[in-house]
Amino acid sequence: KHRSEFYLANEQYWASGGYNGNNDDEAMIGDGGGIADGEDGLDFLDRYLASSKSNVDSGCKPRRFDYAVDLGAGVGRLTKLVLLKRYGEVRLVEGDEGWSKRSRVYLGRKRAARCCFTNQRLDDLTKSQVDNWDSADLMWIQWTLQYLIDVDVVSCLRILSSGLREGSGILIIKENRPYGKQREDRFKMDTPAGENERYDITRNDSHHRLLFQKAGLKVNFMERGEETNTYALSVL
């Protein structure tokens, strides 16, 4: 019912600078923890790829590290801190045109030369668009699904899964979870009428897993952080 209202508010929020802060990293995540978060992400990826579980999930096919996709890439923070350290080329998919352009500067000339840049919102993503991308060895989505309503999460993930390399492609998703005094069996939702003037939903683990299942994905590996859950998924 409020889909257009929610997404318009989010579009305006990011166009006006997001979380703002003292630099591009802080504008993306709201605090100075960007470097530590990137290190955590790289460690998670390495642990999963080194695990016997990863070998089973790929049917013992050798993993490839040619091409990754950063979904909801923003200024390219995770491309810089994680993906380009393990993959040859990266496609950055970002809905805000300003941040997409800014990412070329943020990454610098050498890193940007190994990237391609797609200005595209995930709620409007189509299968024909993904079909035109190279098959991805890895897709990474972080702190992005929280801005989509459930039906768009399922649609987006189903479309993206068709772009993974058959038999070995993996999808990493990191999202907030209820923590502290919040009941972990519930979700929390902000709306444009609230303090933050945007739509934002914090889902629990069961909620995420239901959406993954509906999108035709299985959870191969999950780690629980202080405020987040990080998942490694593949196609069912």
# chains A, B, ... in the order shown; residues from 1 in each chain; ligands from 1
$ residues_around --residues "Val151 (chain A)" --least-positions-apart "5" --cutoff "10 Å" --atoms "only C-alpha atoms" --output "MDAnalysis selection string"
chainID A and resid 123 156 211 214:215
$ select_by_dssp --residues "region 6-181 of chain A" --states "helix (DSSP H, G or I)" --output "PyMOL selection string"
chain A and resi 6-15+24-29+34-50+52-57+77-81+83-85+97-107+109-112+122-124+127-131+145-147+150-161
$ residues_around --residues "region 86-92 of chain A" --least-positions-apart "4" --cutoff "10 Å" --atoms "only C-alpha atoms" --output "ChimeraX atom specification"
/A:42,45-46,64-76,78-82,100,103,111-120,133-134,136-140
$ closest_atom_pairs --of "region 134-200 of chain A" --to "region 10-31 of chain A" --cutoff "10 Å" --atoms "only C-alpha atoms" --output "Markdown table"
| residue | atom | partner | partner_atom | distance |
| --- | --- | --- | --- | --- |
| A:Trp143 | CA | A:Ile29 | CA | 8.5 |
| A:Tyr147 | CA | A:Asn10 | CA | 7.5 |
| A:Leu148 | CA | A:Asn10 | CA | 9.8 |
| A:Thr191 | CA | A:Asn10 | CA | 9.7 |
| A:Pro192 | CA | A:Asn10 | CA | 8.2 |
| A:Asn196 | CA | A:Tyr13 | CA | 9.0 |
| A:Glu197 | CA | A:Tyr13 | CA | 7.6 |
| A:Arg198 | CA | A:Asn10 | CA | 5.2 |
| A:Tyr199 | CA | A:Asn10 | CA | 6.3 |
| A:Asp200 | CA | A:Asn10 | CA | 8.6 |
$ write_last_selection --atoms "N, CA and C atoms" --output "PDB file, in the first residue's frame"
ATOM      1  N   TRP A 143      23.320  -4.547   4.186  1.00  0.00           N
ATOM      2  CA  TRP A 143      22.554  -3.396   4.684  1.00  0.00           C
ATOM      3  C   TRP A 143      21.784  -2.726   3.539  1.00  0.00           C
ATOM      4  N   TYR A 147      15.906  -1.964   3.204  1.00  0.00           N
ATOM      5  CA  TYR A 147      15.171  -0.861   2.585  1.00  0.00           C
ATOM      6  C   TYR A 147      14.118  -1.334   1.586  1.00  0.00           C
ATOM      7  N   LEU A 148      13.949  -2.654   1.479  1.00  0.00           N
ATOM      8  CA  LEU A 148      12.968  -3.228   0.560  1.00  0.00           C
ATOM      9  C   LEU A 148      11.844  -3.905   1.330  1.00  0.00           C
ATOM     10  N   THR A 191       9.331   4.149   9.420  1.00  0.00           N
ATOM     11  CA  THR A 191       8.626   4.668   8.255  1.00  0.00           C
ATOM     12  C   THR A 191       9.013   6.132   8.040  1.00  0.00           C
ATOM     13  N   PRO A 192       8.699   6.683   6.870  1.00  0.00           N
ATOM     14  CA  PRO A 192       9.055   8.085   6.606  1.00  0.00           C
ATOM     15  C   PRO A 192       8.471   9.069   7.607  1.00  0.00           C
ATOM     16  N   ASN A 196      13.750   9.058  11.533  1.00  0.00           N
ATOM     17  CA  ASN A 196      14.776   8.960  10.491  1.00  0.00           C
ATOM     18  C   ASN A 196      14.271   9.325   9.099  1.00  0.00           C
ATOM     19  N   GLU A 197      12.974   9.508   8.970  1.00  0.00           N
ATOM     20  CA  GLU A 197      12.350   9.965   7.721  1.00  0.00           C
ATOM     21  C   GLU A 197      12.656   9.053   6.541  1.00  0.00           C
ATOM     22  N   ARG A 198      12.684   7.742   6.800  1.00  0.00           N
ATOM     23  CA  ARG A 198      12.907   6.778   5.730  1.00  0.00           C
ATOM     24  C   ARG A 198      12.247   5.455   6.121  1.00  0.00           C
ATOM     25  N   TYR A 199      12.122   4.560   5.133  1.00  0.00           N
ATOM     26  CA  TYR A 199      11.642   3.203   5.397  1.00  0.00           C
ATOM     27  C   TYR A 199      12.833   2.296   5.657  1.00  0.00           C
ATOM     28  N   ASP A 200      12.743   1.511   6.718  1.00  0.00           N
ATOM     29  CA  ASP A 200      13.858   0.665   7.124  1.00  0.00           C
ATOM     30  C   ASP A 200      13.293  -0.428   8.016  1.00  0.00           C
TER      31      ASP A 200
END
$ select_by_dssp --residues "region 18-236 of chain A" --states "strand (DSSP E or B)" --output "JSON, numbers by chain"
{"A": [67, 68, 69, 70, 71, 89, 90, 91, 92, 93, 94, 115, 116, 117, 118, 119, 136, 138, 139, 140, 141, 142, 164, 170, 171, 172, 173, 174, 175, 176, 188, 189, 190, 200, 201, 202, 217, 218, 219, 220, 221, 222, 223, 224, 228, 229, 230, 231, 232, 233, 234, 235]}
$ write_last_selection --atoms "N, CA and C atoms" --output "compact mmCIF listing (two decimals), in the first residue's frame"
# COMPACT_ATOMS: atom_id res chain seq x y z
N TYR A 67 34.78 -12.83 -11.05
CA TYR A 67 33.81 -11.75 -11.19
C TYR A 67 32.84 -11.74 -10.01
N ALA A 68 32.70 -10.59 -9.37
CA ALA A 68 31.77 -10.43 -8.25
C ALA A 68 30.85 -9.25 -8.54
N VAL A 69 29.71 -9.24 -7.86
CA VAL A 69 28.74 -8.15 -8.00
C VAL A 69 28.44 -7.59 -6.62
N ASP A 70 28.55 -6.28 -6.48
CA ASP A 70 28.27 -5.56 -5.24
C ASP A 70 26.91 -4.89 -5.40
N LEU A 71 25.90 -5.41 -4.71
CA LEU A 71 24.52 -4.93 -4.85
C LEU A 71 24.20 -3.91 -3.77
N GLU A 89 37.33 -8.88 -11.14
CA GLU A 89 36.52 -7.75 -11.58
C GLU A 89 35.26 -7.66 -10.72
N VAL A 90 34.73 -6.45 -10.59
CA VAL A 90 33.53 -6.24 -9.78
C VAL A 90 32.56 -5.33 -10.54
N ARG A 91 31.29 -5.69 -10.52
CA ARG A 91 30.23 -4.80 -10.99
C ARG A 91 29.58 -4.17 -9.76
N LEU A 92 29.54 -2.85 -9.72
CA LEU A 92 28.87 -2.13 -8.64
C LEU A 92 27.48 -1.72 -9.12
N VAL A 93 26.47 -2.17 -8.41
CA VAL A 93 25.09 -1.84 -8.76
C VAL A 93 24.54 -0.93 -7.66
N GLU A 94 24.22 0.30 -8.02
CA GLU A 94 23.79 1.29 -7.04
C GLU A 94 22.62 2.10 -7.62
N CYS A 115 36.50 -2.38 -12.53
CA CYS A 115 35.08 -2.37 -12.18
C CYS A 115 34.23 -1.88 -13.34
N CYS A 116 32.96 -2.26 -13.30
CA CYS A 116 31.96 -1.61 -14.14
C CYS A 116 30.86 -1.11 -13.22
N PHE A 117 30.14 -0.11 -13.66
CA PHE A 117 29.23 0.62 -12.77
C PHE A 117 27.83 0.64 -13.39
N THR A 118 26.86 0.17 -12.61
CA THR A 118 25.47 0.10 -13.07
C THR A 118 24.59 0.90 -12.12
N ASN A 119 23.93 1.92 -12.66
CA ASN A 119 23.00 2.72 -11.87
C ASN A 119 21.61 2.09 -11.97
N ALA A 136 28.11 -14.52 -12.21
CA ALA A 136 28.89 -14.07 -11.06
C ALA A 136 29.37 -15.23 -10.21
N LEU A 138 30.42 -14.51 -7.22
CA LEU A 138 29.95 -14.04 -5.92
C LEU A 138 29.06 -12.81 -6.11
N MET A 139 27.97 -12.77 -5.36
CA MET A 139 27.18 -11.56 -5.23
C MET A 139 27.13 -11.21 -3.75
N TRP A 140 27.26 -9.92 -3.44
CA TRP A 140 27.31 -9.46 -2.05
C TRP A 140 26.24 -8.38 -1.85
N ILE A 141 25.38 -8.59 -0.86
CA ILE A 141 24.34 -7.62 -0.49
C ILE A 141 24.49 -7.33 0.99
N GLN A 142 24.68 -6.08 1.35
CA GLN A 142 24.85 -5.75 2.77
C GLN A 142 24.10 -4.47 3.12
N LEU A 164 23.97 -16.06 -10.89
CA LEU A 164 25.11 -16.72 -10.26
C LEU A 164 25.68 -17.80 -11.17
N ILE A 170 27.99 -18.06 -5.29
CA ILE A 170 27.47 -17.88 -3.94
C ILE A 170 26.97 -16.45 -3.74
N LEU A 171 26.04 -16.32 -2.82
CA LEU A 171 25.46 -15.02 -2.48
C LEU A 171 25.70 -14.78 -1.00
N ILE A 172 26.34 -13.67 -0.67
CA ILE A 172 26.56 -13.28 0.72
C ILE A 172 25.59 -12.16 1.07
N ILE A 173 24.89 -12.32 2.17
CA ILE A 173 23.95 -11.30 2.64
C ILE A 173 24.25 -10.99 4.10
N LYS A 174 24.43 -9.70 4.39
CA LYS A 174 24.62 -9.24 5.76
C LYS A 174 23.57 -8.18 6.06
N GLU A 175 22.78 -8.42 7.10
CA GLU A 175 21.71 -7.49 7.46
C GLU A 175 21.63 -7.37 8.99
N ASN A 176 21.04 -6.28 9.44
CA ASN A 176 20.81 -6.10 10.87
C ASN A 176 19.80 -7.11 11.39
N LYS A 188 11.46 -4.85 13.56
CA LYS A 188 11.31 -3.43 13.85
C LYS A 188 11.27 -2.67 12.52
N MET A 189 10.31 -1.77 12.37
CA MET A 189 10.18 -1.04 11.12
C MET A 189 10.10 0.45 11.38
N ASP A 190 10.92 1.22 10.66
CA ASP A 190 10.83 2.67 10.62
C ASP A 190 10.09 3.08 9.36
N ASP A 200 12.74 1.51 6.72
CA ASP A 200 13.86 0.66 7.12
C ASP A 200 13.29 -0.43 8.02
N ILE A 201 13.54 -1.70 7.68
CA ILE A 201 13.01 -2.80 8.48
C ILE A 201 14.14 -3.69 8.97
N THR A 202 14.12 -3.99 10.26
CA THR A 202 15.08 -4.92 10.86
C THR A 202 14.37 -6.26 11.04
N LEU A 217 16.50 -19.99 -2.49
CA LEU A 217 17.87 -20.03 -1.98
C LEU A 217 17.96 -20.85 -0.71
N LYS A 218 19.12 -21.43 -0.47
CA LYS A 218 19.36 -22.17 0.77
C LYS A 218 20.52 -21.55 1.52
N VAL A 219 20.43 -21.57 2.84
CA VAL A 219 21.49 -21.05 3.70
C VAL A 219 22.52 -22.15 3.93
N ASN A 220 23.74 -21.90 3.50
CA ASN A 220 24.81 -22.88 3.68
C ASN A 220 25.63 -22.62 4.93
N PHE A 221 25.65 -21.36 5.34
CA PHE A 221 26.55 -20.97 6.43
C PHE A 221 26.04 -19.65 6.97
N MET A 222 26.05 -19.50 8.30
CA MET A 222 25.58 -18.24 8.89
C MET A 222 26.38 -17.94 10.14
N GLU A 223 26.73 -16.68 10.32
CA GLU A 223 27.37 -16.25 11.55
C GLU A 223 26.57 -15.10 12.14
N ARG A 224 26.47 -15.12 13.43
CA ARG A 224 25.71 -14.12 14.16
C ARG A 224 26.67 -13.11 14.78
N THR A 228 24.17 -8.07 13.83
CA THR A 228 23.89 -8.51 12.47
C THR A 228 23.88 -10.02 12.33
N ASN A 229 23.31 -10.50 11.25
CA ASN A 229 23.49 -11.87 10.78
C ASN A 229 24.10 -11.83 9.39
N THR A 230 25.06 -12.70 9.14
CA THR A 230 25.69 -12.79 7.82
C THR A 230 25.49 -14.22 7.30
N TYR A 231 25.01 -14.29 6.05
CA TYR A 231 24.64 -15.58 5.46
C TYR A 231 25.44 -15.83 4.17
N ALA A 232 25.80 -17.08 3.95
CA ALA A 232 26.29 -17.53 2.65
C ALA A 232 25.22 -18.46 2.06
N LEU A 233 24.74 -18.11 0.88
CA LEU A 233 23.63 -18.84 0.28
C LEU A 233 23.98 -19.32 -1.13
N SER A 234 23.25 -20.33 -1.57
CA SER A 234 23.33 -20.78 -2.95
C SER A 234 21.94 -21.17 -3.43
N VAL A 235 21.84 -21.44 -4.71
CA VAL A 235 20.54 -21.77 -5.30
C VAL A 235 20.12 -23.17 -4.89
$ closest_residue --among "A:Arg104, A:Lys127, A:His208, A:Arg186" --to "Arg158 (chain A)" --atoms "only C-alpha atoms"
A:Lys127
$ atom_distance --atom1 "CA of Gly225 (chain A)" --atom2 "CA of Arg177 (chain A)"
8.9 Å
$ closest_residue --among "A:His207, A:Tyr7, A:Ser155, A:Arg77" --to "Val105 (chain A)" --atoms "only C-alpha atoms"
A:Arg77
$ closest_residue --among "A:Thr126, A:Ser168, A:Leu49, A:Pro178" --to "Glu226 (chain A)" --atoms "only C-alpha atoms"
A:Pro178
